[in-house]
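Have a look at the structure below, then the notes.
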Amino acid sequence: MSTPVLELADVHTYYGKIHALKGVSLTVGKGEIVTLIGSNGAGKSTTLRTISGLLRPRQGDVRLNGRSITSTPPHKIVEMGIGHVPEGRGVFPALTVLENLEMGAFLLRNDAEFNRRIELVFQVFPRLLERIEQKGGTLSGGEQQMLAIGRGLMQQPDILLLDEPSMGLAPLLVEEIFNIIRRLKEEHGTTILLVEQNAQAALQVADRAYVLETGRITLSGTAQEMLHDPKVVAAYLGL
Amino acid sequence: MHLRRVNPFKEILRPLGQLLIFIAGSAVVISAITLLLAVLLRPTRSDIDILQVTLVLLPQVLIDGITLGFMYAIIAMGYTMVYGVLEFINFAHGEFVMFGAFAGVELLIWLNAQGVLKTAELGLALVWITLAVLLGMVVAGGLAVTTERLAYRPLRGAPRLVPLIAAIGVSFLLQDTMRFLQSAINGDFYRTFPEFGPFAQRLMLFTVNLDGRPIDVAIQYKAIMLIVFGVVMLVALNYLVNATRLGKAIRSVAQDQKTAALMGIDVNRIIALTFLIGGALGGAAGVLWAFRFTRVDPYMGFIPGLKAFTAAVLGGIGSIVGAMLGGMVLGLLESFSAAYFSIFSRGAFGAEYKDIFAFGILILVLIFRPQGLLGGKTTQKA
């Protein structure tokens with residue numbers, strides 16, 4: 001197997017004295033959608049924050065395309081190719097939709113490439129083009145999520161980390177967001193690590209999945225296996 | 001599509017227009033109130049005609065107020081920008097102003113000792129002043145960055161009160177460091193801005209006829225210079241913040257540090273640069289302050305700092321446009337109360353009571369509009 005885009009090896013992360021991640025190991029291959037499911041407080045967002053450098057692991061290694069990024073500051077990690085769409089979306093409320101998208105391409109200085117990327121974003125999210133001059137803070141929840149993902153795409157990362165993209169959205173919008181995630185993979189070959197509480201929807205779009213419980217990976221396999229695993233069904237699919 | 005292109009013309013004209021509106025607006029409002037008061041109080045005095053005296057003084061009072069307003073506005077930028085990115089009031093900012101003032105004045109004193117100032121015509125004198133302002137900017141900017149690195153950055157994430165107390169400590173430390181340095185080197189801790197150039201001369205604008213008495217309306221070269229420096233600096237800062245890549249990074253760090261980091265922005269570097277810019281503006285204001293009031297001493301930064309902070313709060317802290325408005329309003333209020341208090345109160349209150357008025361206005365604004373005149377919201381970030 002070729003080098004995975006992202007690899008975590010026995011990662012331990014602490015919040016002060018709280019041991020939040022207790023040896024998480026996972027891999028994401030090129031072009032894959034991998035989902036990390038688990039209940040509230042299991043450490044899903046902590047895992048993403050550790051990958052993007054907002055938190056520093058105390059032990060273990062995070063590797064991007066085979067290179068260790070464990071002690072790299074977040075702005076350098078972005079440069080190296082990780083895009084993180086944070087929980088709660090992190091849209092800049094006082095910047096317009098266009099300015100928010102520009103922030104995604106902050107490190108890009110080539111105007112032609114910028115135009116190419118933003119056209120791609122508007123192709124995926126035509127709604128953003130309609131709202132281009134509107135302030136981020138005035139958008140609806142679904143539009144903000146689109147903007148956050150669009151901004152992540154402006155970075156054109158090797159891997160996109162999506163943290164709870166369905167949170168706080170109406171069911172119809174949730175469906176729309178997951179359709180877009182599927183399209184990103186199928187049409188654009190985007191590699192995605194998806195964190196979700198909505199395990200049902202996440203497993204529908206993912207190739208593989210990991211289950212995280214109180215800081216440990218307790219189960220892993222293909223999404224199809226997971227959808228039929230009795231433990232997963234009982235704990236997360238709530239049938 | 002040329003989505004990313006900014007229109008530099010627009011980005012320069014907009015702050016210029018805003019400044020003009022702020023100056024004209026506050027000047028007209030405050031003048032109107034003063035004239036109304038003069039008309040109402042006219043019957044109380046038989047010895048002088050209050051209205052006439054008020055009118056005679058008015059042009060000079062306006063010019064004084066505007067130059068003072070520019071200085072407050074420039075100093076207020078340092079408070080408001082640092083507050084924008086860190087939600088922290090840097091109470092040592094007045095001391096950056098003081099260090100800048102000393103740096104500029106020391107340079108001019110040295111140049112004076114070399115004998116080059118005495119002979120300077122207007123053009124050359126302008127060059128020397130500009131050099132002094134630039135040196136003040138470098139010294140104060142460097143001091144601000146150093147202070148942030150050594151005193152504030154280690155306290156990032158500590159409860160809000162902790163860096164605030166540290167800032168007050170830094171303020172005392174810097175005052176006494178300068179006092180020590182000056183006493184050790186010069187034997188005395190204050191210095192005087194050397195007199196040179198034709199800055200005290202007046203440019204005649206026009207003559208008004210008031211009840212048969214001709215009154216000259218003139219403006220000192222010094223005041224023109226202070227205003228030009230002020231306009232250039234405020235417009236340049238607005239351009240930097242609104243139209244450049246660095247400005248975009250500063251604005252995004254101000255809104256959300258974590259997300260800014262996820263966009264590839266080095267947050268620590270942006271915070272340091274914010275201190276550099278704010279400190280440099282403070283240093284420039286310090287040299288201009290020394291130019292106007294001639295004396296510099298280690299404690300000179302405290303009161304202007306406090307007033308500029310007031311101006312920033314008055315306009316809405318965190319807002320650059322607000323700080324321009326707040327500075328202008330405060331400068332004009334102070335100049336008007338200094339000039340007219342004693343006339344209107346038959347000498348009961350002198351000019352020394354001017355601050356009561358300025359700070360009284362602040363309290364009223366805080367009661368009725370706590371977010372400041374142009375502030376958006378008062379909610380604090382988590």
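Letters A, B, ... go to the chains of the structure tokens in the order shown; residues in each chain start at 1; ligands are counted from 1 in the same order.
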
### Task
Considering only C-alpha atoms, return as an NGL selection string whatever protein or nucleic-acid residues lie within 9 Å of Ile23 in chain B, sequence-local ones (same chain, fewer than 2 positions apart) excluded.
:B and (18-21 or 25-28 or 66 or 69 or 325 or 328-329 or 332)

Requested write-out: N, CA and C atoms of the selected residues, as a short mmCIF file (atom, residue, chain, number, x, y, z; two decimals), in the first residue's frame:
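Dumped everything to selection-v9.cif:
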```cif
data_model
loop_
_atom_site.label_atom_id
_atom_site.label_comp_id
_atom_site.auth_asym_id
_atom_site.auth_seq_id
_atom_site.Cartn_x
_atom_site.Cartn_y
_atom_site.Cartn_z
N GLN B 18 -14.17 60.25 5.58
CA GLN B 18 -14.62 60.04 6.95
C GLN B 18 -14.02 61.10 7.88
N LEU B 19 -12.70 61.30 7.72
CA LEU B 19 -12.02 62.28 8.57
C LEU B 19 -12.65 63.66 8.42
N LEU B 20 -12.90 64.03 7.16
CA LEU B 20 -13.46 65.34 6.87
C LEU B 20 -14.83 65.48 7.54
N ILE B 21 -15.63 64.42 7.42
CA ILE B 21 -16.97 64.46 8.01
C ILE B 21 -16.86 64.57 9.53
N GLY B 25 -18.17 67.76 11.18
CA GLY B 25 -19.36 67.48 11.99
C GLY B 25 -19.17 67.89 13.43
N SER B 26 -18.10 67.40 14.08
CA SER B 26 -17.96 67.73 15.50
C SER B 26 -17.65 69.21 15.68
N ALA B 27 -16.90 69.81 14.74
CA ALA B 27 -16.59 71.23 14.87
C ALA B 27 -17.87 72.07 14.79
N VAL B 28 -18.74 71.73 13.84
CA VAL B 28 -19.97 72.51 13.68
C VAL B 28 -20.86 72.35 14.91
N ILE B 66 -8.56 70.72 16.63
CA ILE B 66 -8.35 69.73 15.56
C ILE B 66 -6.96 69.10 15.65
N GLY B 69 -7.01 66.83 18.45
CA GLY B 69 -7.84 65.68 18.07
C GLY B 69 -7.05 64.67 17.24
N LEU B 325 -13.01 59.27 15.16
CA LEU B 325 -14.10 60.16 15.59
C LEU B 325 -13.92 60.54 17.06
N MET B 328 -11.19 63.11 17.60
CA MET B 328 -11.59 64.44 17.15
C MET B 328 -12.54 65.10 18.14
N VAL B 329 -13.55 64.34 18.56
CA VAL B 329 -14.55 64.91 19.48
C VAL B 329 -13.86 65.34 20.77
N LEU B 332 -11.60 68.49 20.33
CA LEU B 332 -12.37 69.73 20.20
C LEU B 332 -13.02 70.11 21.54
#
```

### Task
Output the contact residues of chain B with respect to chain A at a cut-off of 12 Å, based on only C-alpha atoms, as a PyMOL selection string.
chain B and resi 1-6+242-270+376-377

Store the residues of this selection in a file with C-alpha atoms, as an mmCIF file, in the first residue's frame.
```cif
data_model
loop_
_atom_site.group_PDB
_atom_site.id
_atom_site.type_symbol
_atom_site.label_atom_id
_atom_site.label_comp_id
_atom_site.auth_asym_id
_atom_site.auth_seq_id
_atom_site.Cartn_x
_atom_site.Cartn_y
_atom_site.Cartn_z
ATOM 1 C CA MET B 1 -13.110 37.944 -12.718
ATOM 2 C CA HIS B 2 -10.788 40.250 -10.825
ATOM 3 C CA LEU B 3 -12.265 39.528 -7.462
ATOM 4 C CA ARG B 4 -9.139 40.059 -5.444
ATOM 5 C CA ARG B 5 -8.239 43.419 -6.858
ATOM 6 C CA VAL B 6 -8.615 46.342 -4.421
ATOM 7 C CA ASN B 242 -8.491 47.618 4.886
ATOM 8 C CA ALA B 243 -6.638 47.044 1.651
ATOM 9 C CA THR B 244 -3.532 44.944 2.272
ATOM 10 C CA ARG B 245 -2.875 41.279 2.917
ATOM 11 C CA LEU B 246 -1.432 42.124 6.319
ATOM 12 C CA GLY B 247 -4.537 44.127 7.168
ATOM 13 C CA LYS B 248 -6.750 41.233 6.189
ATOM 14 C CA ALA B 249 -4.715 38.968 8.467
ATOM 15 C CA ILE B 250 -5.033 41.471 11.334
ATOM 16 C CA ARG B 251 -8.792 41.706 10.884
ATOM 17 C CA SER B 252 -9.216 37.951 10.807
ATOM 18 C CA VAL B 253 -7.076 37.448 13.921
ATOM 19 C CA ALA B 254 -9.224 40.090 15.624
ATOM 20 C CA GLN B 255 -12.368 38.143 14.794
ATOM 21 C CA ASP B 256 -11.267 34.602 15.522
ATOM 22 C CA GLN B 257 -7.702 33.612 16.360
ATOM 23 C CA LYS B 258 -8.141 29.844 16.032
ATOM 24 C CA THR B 259 -9.790 30.028 12.637
ATOM 25 C CA ALA B 260 -7.205 32.561 11.491
ATOM 26 C CA ALA B 261 -4.499 30.017 12.353
ATOM 27 C CA LEU B 262 -6.393 27.438 10.287
ATOM 28 C CA MET B 263 -6.185 29.797 7.307
ATOM 29 C CA GLY B 264 -2.399 29.627 7.492
ATOM 30 C CA ILE B 265 -1.926 32.867 9.419
ATOM 31 C CA ASP B 266 0.859 33.005 11.999
ATOM 32 C CA VAL B 267 -1.203 34.468 14.837
ATOM 33 C CA ASN B 268 1.757 35.328 17.070
ATOM 34 C CA ARG B 269 3.427 37.206 14.272
ATOM 35 C CA ILE B 270 0.261 39.178 13.522
ATOM 36 C CA GLY B 376 -20.939 47.514 16.936
ATOM 37 C CA LYS B 377 -21.699 45.151 19.757
#
```

### Query
DSSP on the backbone: what in range 6-203 of chain A comes out strand (DSSP E or B), as a PyMOL selection string?
chain A and resi 6-15+18-28+33-37+59-64+67-68+82-85+96+135+159-163+192-196

Keeping only C-alpha atoms, take the residues you just selected and write them out as an mmCIF file, in the first residue's frame.
```cif
data_model
loop_
_atom_site.group_PDB
_atom_site.id
_atom_site.type_symbol
_atom_site.label_atom_id
_atom_site.label_comp_id
_atom_site.auth_asym_id
_atom_site.auth_seq_id
_atom_site.Cartn_x
_atom_site.Cartn_y
_atom_site.Cartn_z
ATOM 1 C CA LEU A 6 -2.586 11.121 6.903
ATOM 2 C CA GLU A 7 -1.418 8.815 9.620
ATOM 3 C CA LEU A 8 -1.790 9.008 13.392
ATOM 4 C CA ALA A 9 0.340 6.631 15.463
ATOM 5 C CA ASP A 10 -0.477 6.188 19.160
ATOM 6 C CA VAL A 11 -1.396 9.850 19.714
ATOM 7 C CA HIS A 12 -1.970 11.076 23.278
ATOM 8 C CA THR A 13 -3.381 14.552 23.828
ATOM 9 C CA TYR A 14 -4.146 16.311 27.101
ATOM 10 C CA TYR A 15 -6.314 19.280 28.067
ATOM 11 C CA ILE A 18 -7.387 15.659 31.390
ATOM 12 C CA HIS A 19 -6.160 12.808 29.241
ATOM 13 C CA ALA A 20 -8.374 13.338 26.194
ATOM 14 C CA LEU A 21 -6.793 11.065 23.569
ATOM 15 C CA LYS A 22 -5.355 7.813 24.895
ATOM 16 C CA GLY A 23 -3.366 6.430 22.013
ATOM 17 C CA VAL A 24 -5.307 7.075 18.814
ATOM 18 C CA SER A 25 -3.998 5.459 15.630
ATOM 19 C CA LEU A 26 -5.647 5.835 12.237
ATOM 20 C CA THR A 27 -4.864 6.293 8.562
ATOM 21 C CA VAL A 28 -6.532 8.048 5.662
ATOM 22 C CA ILE A 33 -13.531 9.474 2.855
ATOM 23 C CA VAL A 34 -12.848 8.216 6.357
ATOM 24 C CA THR A 35 -15.259 8.983 9.146
ATOM 25 C CA LEU A 36 -14.662 9.151 12.846
ATOM 26 C CA ILE A 37 -17.848 8.494 14.799
ATOM 27 C CA GLN A 59 3.063 11.430 22.857
ATOM 28 C CA GLY A 60 2.775 9.742 19.461
ATOM 29 C CA ASP A 61 3.200 10.976 15.915
ATOM 30 C CA VAL A 62 1.069 12.681 13.283
ATOM 31 C CA ARG A 63 2.322 12.240 9.708
ATOM 32 C CA LEU A 64 1.190 14.004 6.551
ATOM 33 C CA ARG A 67 6.356 13.566 7.047
ATOM 34 C CA SER A 68 5.966 14.113 10.765
ATOM 35 C CA ILE A 82 -4.263 20.148 5.712
ATOM 36 C CA GLY A 83 -7.547 22.049 5.580
ATOM 37 C CA HIS A 84 -9.594 22.079 8.754
ATOM 38 C CA VAL A 85 -13.249 23.160 8.749
ATOM 39 C CA THR A 96 -18.150 39.180 3.419
ATOM 40 C CA LYS A 135 -21.417 39.455 5.646
ATOM 41 C CA ILE A 159 -6.840 16.343 3.048
ATOM 42 C CA LEU A 160 -9.901 18.160 4.305
ATOM 43 C CA LEU A 161 -10.880 17.731 7.962
ATOM 44 C CA LEU A 162 -14.618 18.289 8.451
ATOM 45 C CA ASP A 163 -15.825 18.685 12.038
ATOM 46 C CA ILE A 192 -11.709 13.771 3.617
ATOM 47 C CA LEU A 193 -11.578 12.919 7.289
ATOM 48 C CA LEU A 194 -15.128 13.427 8.512
ATOM 49 C CA VAL A 195 -16.112 13.704 12.158
ATOM 50 C CA GLU A 196 -19.823 13.211 12.782
#
```

### Task
Excluding Pro370 in chain B and any residue of its chain fewer than 3 positions from it, enumerate the residues within 9 Å of it, using only C-alpha atoms, and give them as a PyMOL selection string.
chain B and resi 313-314+316+365-367+373+375+378

Could you save those same residues with N, CA and C atoms as a short mmCIF file (atom, residue, chain, number, x, y, z; two decimals), in the first residue's frame?
```cif
data_model
loop_
_atom_site.label_atom_id
_atom_site.label_comp_id
_atom_site.auth_asym_id
_atom_site.auth_seq_id
_atom_site.Cartn_x
_atom_site.Cartn_y
_atom_site.Cartn_z
N VAL B 313 -12.63 54.59 23.57
CA VAL B 313 -13.87 54.08 24.14
C VAL B 313 -15.06 54.90 23.63
N LEU B 314 -14.84 56.21 23.56
CA LEU B 314 -15.89 57.12 23.07
C LEU B 314 -16.33 56.72 21.66
N GLY B 316 -15.84 53.77 20.27
CA GLY B 316 -16.16 52.35 20.19
C GLY B 316 -14.87 51.56 20.10
N VAL B 365 -21.61 59.04 27.67
CA VAL B 365 -21.63 58.11 26.53
C VAL B 365 -21.70 56.68 27.03
N LEU B 366 -20.91 56.39 28.06
CA LEU B 366 -20.89 55.02 28.57
C LEU B 366 -22.24 54.61 29.15
N ILE B 367 -22.95 55.59 29.72
CA ILE B 367 -24.27 55.25 30.29
C ILE B 367 -25.27 55.00 29.17
N LEU B 373 -19.68 55.51 20.25
CA LEU B 373 -20.46 56.15 19.20
C LEU B 373 -20.58 55.27 17.96
N GLY B 375 -19.29 51.92 17.86
CA GLY B 375 -19.03 50.52 18.18
C GLY B 375 -20.19 49.64 17.76
N THR B 378 -21.40 44.89 22.14
CA THR B 378 -20.61 44.88 23.36
C THR B 378 -20.31 43.47 23.83
#
```
